[in-house]
Amino acid sequence: MSLKAIALGLLATSALVGGAVAQDEQIKIGVSIPAATHGFMGGLNWHAQEAEKRLEAAHPNIDLIIVTADGPDDQASDLEDLVSVQQINALVVLPFESEPLTEPVRAVKEAGAFITVVDRGLTDPSIQDIYVSGNNTEMGVNSAEYIKSRLTEGDNIVILRGIPTVLDTERFDAFMGAIEGSGINVLDDEFANWNRDDGFEVMQDFLSRFPDIDAVWAQDDDITLGVVEAIKQAGRESEMFVVGGAGMKEIIKGVMDGDALVPVDVLYSPAQIATAMDVTVAHYTSNGPVTGTYILGAPLITQENAEDFYFPDSPF
């Protein structure tokens, strides 16, 4: 059965959309996210499961259905099942990729579901009722401001980027804008695909080409692990420091313990999926509106506040 074929039936059950519902009204919310293919997504999956337990305990009429996908096609298939089999009232989705998931999510919307999009936006934002994301611009600015606080004119840095996406561009452009005029030299920037192995290889290349590096902006904690490994193998850990991002527990623990090589981190938390689930549930339980855009903060994590961001039970 196609998504559109069951639209009328779902629209009838979705008459609840738009405000609080009676406590005995059963609401099904699908949560479609990428599988735990790397550290950040492992953390995101963990926070989704924790939110599911918490929200279902607090709201017996809410049924959260989490499905994970290994790729865009797999996720599109999951969305069809959530509508045709589970008959969801709402969808929380972190698209595996933006463009391939735009039309499948649109079909869920046309079937009558309330739509919350997380992190990787759709190519048509008019589909979503709620958008939740970390603050990529703030992440770039806060990273640059810390580096500027430690370096002076004539010092040198290298940058490891993520993948060619809107998120990466927002971070990079914000960082470069904030560093402009400081006299700090950006020796080079390369994509490291938010991946530890790629981070290691790119940093090895930087170390071989540049004898004088004062700081590294790794942008992402998975990349940071590879960068740190390369620096230590080269025996150059006393020459520079690294600024990563996201909030990986190993990095946060190091910040708590005063690691000189990675002294700070910048938050881009996988817990944003829990926020998205919270506000979607609030659409049915609150007597106030919750639609709109939720951009979460990207604070600088230092030794003084690191404990507030440390989740030892999380895989990330």
# chains A, B, ... in the order shown; residues from 1 in each chain; ligands from 1
>>> select_by_dssp(residues="region 65-241 of chain A", states="strand (DSSP E)", output="ChimeraX atom specification")
/A:65-69,90-93,114-118,130-134,156-161,185-191,215-217,241
>>> residues_around(residues="Gly134 (chain A)", least_positions_apart="4", cutoff="8 Å", atoms="only C-alpha atoms", output="number ranges by chain")
A: 119, 268-269, 272, 295-298
>>> closest_atom_pairs(of="region 110-146 of chain A", to="region 153-169 of chain A", cutoff="10 Å", atoms="only C-alpha atoms", output="JSON lines")
{"residue": "A:Asp119", "atom": "CA", "partner": "A:Leu167", "partner_atom": "CA", "distance": 8.5}
{"residue": "A:Arg120", "atom": "CA", "partner": "A:Leu167", "partner_atom": "CA", "distance": 7.7}
{"residue": "A:Gly121", "atom": "CA", "partner": "A:Val166", "partner_atom": "CA", "distance": 9.0}
{"residue": "A:Ser133", "atom": "CA", "partner": "A:Leu167", "partner_atom": "CA", "distance": 10.0}
{"residue": "A:Gly134", "atom": "CA", "partner": "A:Leu167", "partner_atom": "CA", "distance": 9.5}
{"residue": "A:Asn135", "atom": "CA", "partner": "A:Leu167", "partner_atom": "CA", "distance": 9.3}
{"residue": "A:Asn136", "atom": "CA", "partner": "A:Leu167", "partner_atom": "CA", "distance": 6.3}
{"residue": "A:Thr137", "atom": "CA", "partner": "A:Leu167", "partner_atom": "CA", "distance": 8.7}
{"residue": "A:Gly140", "atom": "CA", "partner": "A:Asp168", "partner_atom": "CA", "distance": 9.4}
>>> closest_atom_pairs(of="region 242-267 of chain A", to="region 40-53 of chain A", cutoff="12 Å", atoms="only C-alpha atoms", output="Markdown table")
| residue | atom | partner | partner_atom | distance |
| --- | --- | --- | --- | --- |
| A:Gly245 | CA | A:Phe40 | CA | 10.5 |
| A:Ala246 | CA | A:Phe40 | CA | 7.7 |
| A:Gly247 | CA | A:Phe40 | CA | 8.8 |
| A:Met248 | CA | A:Phe40 | CA | 7.6 |
| A:Lys249 | CA | A:Gly43 | CA | 9.5 |
| A:Leu267 | CA | A:Phe40 | CA | 11.8 |
